[in-house]
Amino acid sequence: MRAQRSVGLVGLTWREAPTSLRAVAAAPLSDAEWGGLVAQGARGLVEIHTCARSLWVIDAADAAWTGALLQALVESRLEGAGAAVVPQAIAGDEAVRALLSIAIGLDSFVEGEADVGGQVLDGFAAAAENGRGAADLAALARIVSRLGAEARRSGVVRRGRGIGQLAAENLPGLGVQRGARVGVVGAGRIGTQVRASLQRAGFEPVVFNRTPREGARPLGEISGAGLRALVACTSAPSAWLVAPEGLAVVDLGRPAQVNGAAVGLDAILHGPGLRLDAETRGRAQALVERAMGEWQAQWHAHVARERLARVQQLRELFVEREIEATLGPAMEGLDGATRRRVLSAAKQAVRRYSHAVIGALKEDR
């Protein structure tokens, strides 16, 4: 029987659902929910949640079947929030190719963005830490990492191209001129990238954070900092930030972080987006196909190893259980010592023969 492809993907992007619904879908799976998937063949699960998408990468004995169950679970969460949205669900090579494309920004609102590759790898690392990793997922993570490095070297993925760039581009439309001081609330990865994007765009960023952090000022200093705008880059479970009056506010949080008027992700993601030129997109797609070749080679090697292990297992079962039963009638009347010598020779012959067969199969790989 042909081995089932082990990787499936369930996805929900800005195209299908606003940030509020994606936040509902992205709630961590409970132990009971995960246990139900394990009972249906799941071996590992990676969850990746970014500003523009939620993604679940599942490793299972039959990824199409288990992925469909995960899709139904996410869909039921959305139905509970009053939305009739069906997440995408794919399996096998199609799922791996989609993940590789996502990891280098080919399916991003800002194509070629640098942020998403790190977020994908963070998801794989978190899965390994929380006990939901799997061998095939670890192999896939290594391929994603190598693909991202090559995409950066070749200029397919460009530093600073991402959601922070969009935030900076929205400020002039809000009446904030180049050179103005702009507060960045949040000193994590996204906040750091937004600060860099603002600097490149000609603004003067000032970082604020809820907890003490080197290079960041306390929130209480926002009002007196001479700001013209504020960009929220935090990830609290609900809106909490109240901006001083008179400031233009951009909220990059998912869910929304600002309690008040702000340009949020939904508004930003309904804009025209940023696309790669045809030549760069072609190079990106070629990199994805090269990584797919690596994945397929690993997969076929993995399947071959499993089959060889099964052959070895069957050999030992035959040697230990079947030889004596098969030769029994032919050894009637032999004394005990002779009988043991015959059985030992037969077992040795079977092992030598099977060893030669397995060696030939390994050479054919």
# chains A, B, ... in the order shown; residues from 1 in each chain; ligands from 1

$ closest_atom_pairs --of "stretch 233-309 of chain A" --to "stretch 46-52 of chain A" --cutoff "12 Å" --atoms "only C-alpha atoms" --output "tab-separated table"
residue	atom	partner	partner_atom	distance
A:Cys233	CA	A:Cys51	CA	10.2
A:Thr234	CA	A:Cys51	CA	11.1
A:Ser235	CA	A:Cys51	CA	10.0
A:Asp251	CA	A:Cys51	CA	10.8
A:Leu252	CA	A:Cys51	CA	7.3
A:Gly253	CA	A:Cys51	CA	7.2
A:Arg254	CA	A:Cys51	CA	6.2
A:Pro255	CA	A:Cys51	CA	9.1
A:Ala256	CA	A:Cys51	CA	10.6
A:Gly264	CA	A:Cys51	CA	10.6
A:Leu265	CA	A:Cys51	CA	7.4
A:Asp266	CA	A:Ala52	CA	9.0
A:Ala267	CA	A:Ala52	CA	11.8
A:Ile268	CA	A:Ala52	CA	10.2
A:Leu269	CA	A:Ala52	CA	7.8
A:His270	CA	A:Ala52	CA	11.1
A:Gly273	CA	A:Ala52	CA	11.9

$ closest_atom_pairs --of "stretch 215-326 of chain A" --to "stretch 113-119 of chain A" --cutoff "10 Å" --atoms "only C-alpha atoms" --output "JSON lines"
{"residue": "A:Leu274", "atom": "CA", "partner": "A:Glu113", "partner_atom": "CA", "distance": 9.4}
{"residue": "A:Arg275", "atom": "CA", "partner": "A:Glu113", "partner_atom": "CA", "distance": 9.9}
{"residue": "A:Leu276", "atom": "CA", "partner": "A:Glu113", "partner_atom": "CA", "distance": 9.8}

$ write_last_selection --atoms "all heavy atoms" --output "compact mmCIF listing (two decimals), in the first residue's frame"
# COMPACT_ATOMS: atom_id res chain seq x y z
N LEU A 274 1.51 45.09 -1.54
CA LEU A 274 2.78 45.30 -2.23
C LEU A 274 3.17 44.00 -2.92
O LEU A 274 3.20 42.94 -2.30
CB LEU A 274 3.87 45.71 -1.23
CG LEU A 274 3.66 47.05 -0.52
CD1 LEU A 274 4.73 47.24 0.56
CD2 LEU A 274 3.71 48.20 -1.51
N ARG A 275 3.48 44.06 -4.19
CA ARG A 275 3.77 42.87 -4.97
C ARG A 275 5.22 42.86 -5.43
O ARG A 275 5.81 43.90 -5.69
CB ARG A 275 2.85 42.81 -6.20
CG ARG A 275 1.37 42.74 -5.84
CD ARG A 275 1.01 41.38 -5.24
NE ARG A 275 -0.37 41.34 -4.80
CZ ARG A 275 -0.76 41.47 -3.54
NH1 ARG A 275 0.15 41.70 -2.60
NH2 ARG A 275 -2.04 41.38 -3.21
N LEU A 276 5.76 41.65 -5.57
CA LEU A 276 7.09 41.50 -6.14
C LEU A 276 7.03 41.69 -7.65
O LEU A 276 6.01 41.42 -8.28
CB LEU A 276 7.62 40.09 -5.84
CG LEU A 276 7.93 39.75 -4.39
CD1 LEU A 276 8.27 38.26 -4.28
CD2 LEU A 276 9.06 40.59 -3.84

$ select_by_dssp --residues "stretch 235-363 of chain A" --states "helix (DSSP H, G or I)" --output "ChimeraX atom specification"
/A:265-269,278-331,336-363

$ closest_atom_pairs --of "stretch 189-260 of chain A" --to "stretch 160-178 of chain A" --cutoff "8 Å" --atoms "only C-alpha atoms" --output "Markdown table"
| residue | atom | partner | partner_atom | distance |
| --- | --- | --- | --- | --- |
| A:Ile190 | CA | A:Gly164 | CA | 7.5 |
| A:Gln193 | CA | A:Gly164 | CA | 6.1 |
| A:Val194 | CA | A:Gly164 | CA | 4.2 |
| A:Arg195 | CA | A:Gly164 | CA | 7.7 |
| A:Ala196 | CA | A:Gly160 | CA | 7.1 |
| A:Ser197 | CA | A:Gln165 | CA | 5.3 |
| A:Leu198 | CA | A:Ala168 | CA | 5.6 |
| A:Ala201 | CA | A:Ala168 | CA | 6.6 |
| A:Gly202 | CA | A:Arg178 | CA | 5.3 |
| A:Phe203 | CA | A:Arg178 | CA | 5.2 |
| A:Arg228 | CA | A:Val176 | CA | 6.5 |
| A:Ala229 | CA | A:Val176 | CA | 7.0 |
| A:Val231 | CA | A:Ala167 | CA | 7.6 |
| A:Ala248 | CA | A:Leu174 | CA | 6.3 |
| A:Val250 | CA | A:Ala167 | CA | 6.8 |
| A:Leu252 | CA | A:Ala167 | CA | 8.0 |

$ closest_residue --among "A:Arg43, A:Trp240, A:Glu75, A:Ala291" --to "A:Ala103" --atoms "only C-alpha atoms"
A:Ala291

$ closest_residue --among "A:Val7, A:Leu317, A:Ala337, A:Ala180" --to "A:Arg351" --atoms "only C-alpha atoms"
A:Leu317

$ closest_atom_pairs --of "stretch 107-206 of chain A" --to "stretch 55-74 of chain A" --cutoff "10 Å" --atoms "only C-alpha atoms" --output "tab-separated table"
residue	atom	partner	partner_atom	distance
A:Val120	CA	A:Leu55	CA	9.1
A:Gly123	CA	A:Trp56	CA	9.3
A:Phe124	CA	A:Val57	CA	9.1
A:Arg132	CA	A:Asp59	CA	9.5
A:Gly133	CA	A:Asp59	CA	8.6
A:Ala134	CA	A:Asp59	CA	7.0
A:Ala135	CA	A:Asp59	CA	8.9
A:Asp136	CA	A:Asp59	CA	7.1
A:Leu137	CA	A:Asp59	CA	6.7

$ write_last_selection --atoms "C-alpha atoms" --output "PDB file, in the first residue's frame"
ATOM      1  CA  VAL A 120       6.873  30.206  10.778  1.00  0.00           C
ATOM      2  CA  GLY A 123       5.816  28.087  15.383  1.00  0.00           C
ATOM      3  CA  PHE A 124       7.907  24.990  14.703  1.00  0.00           C
ATOM      4  CA  ARG A 132       3.635  18.534  19.725  1.00  0.00           C
ATOM      5  CA  GLY A 133       6.656  18.158  17.510  1.00  0.00           C
ATOM      6  CA  ALA A 134       7.255  15.208  15.162  1.00  0.00           C
ATOM      7  CA  ALA A 135      10.137  13.883  13.084  1.00  0.00           C
ATOM      8  CA  ASP A 136       8.649  14.945   9.742  1.00  0.00           C
ATOM      9  CA  LEU A 137       7.872  18.405  11.124  1.00  0.00           C
TER      10      LEU A 137
END

$ atom_distance --atom1 "atom CA of A:Arg217" --atom2 "atom CA of A:Val263"
23.3 Å

$ atom_distance --atom1 "atom CA of A:Gly333" --atom2 "atom CA of A:Glu316"
27.0 Å
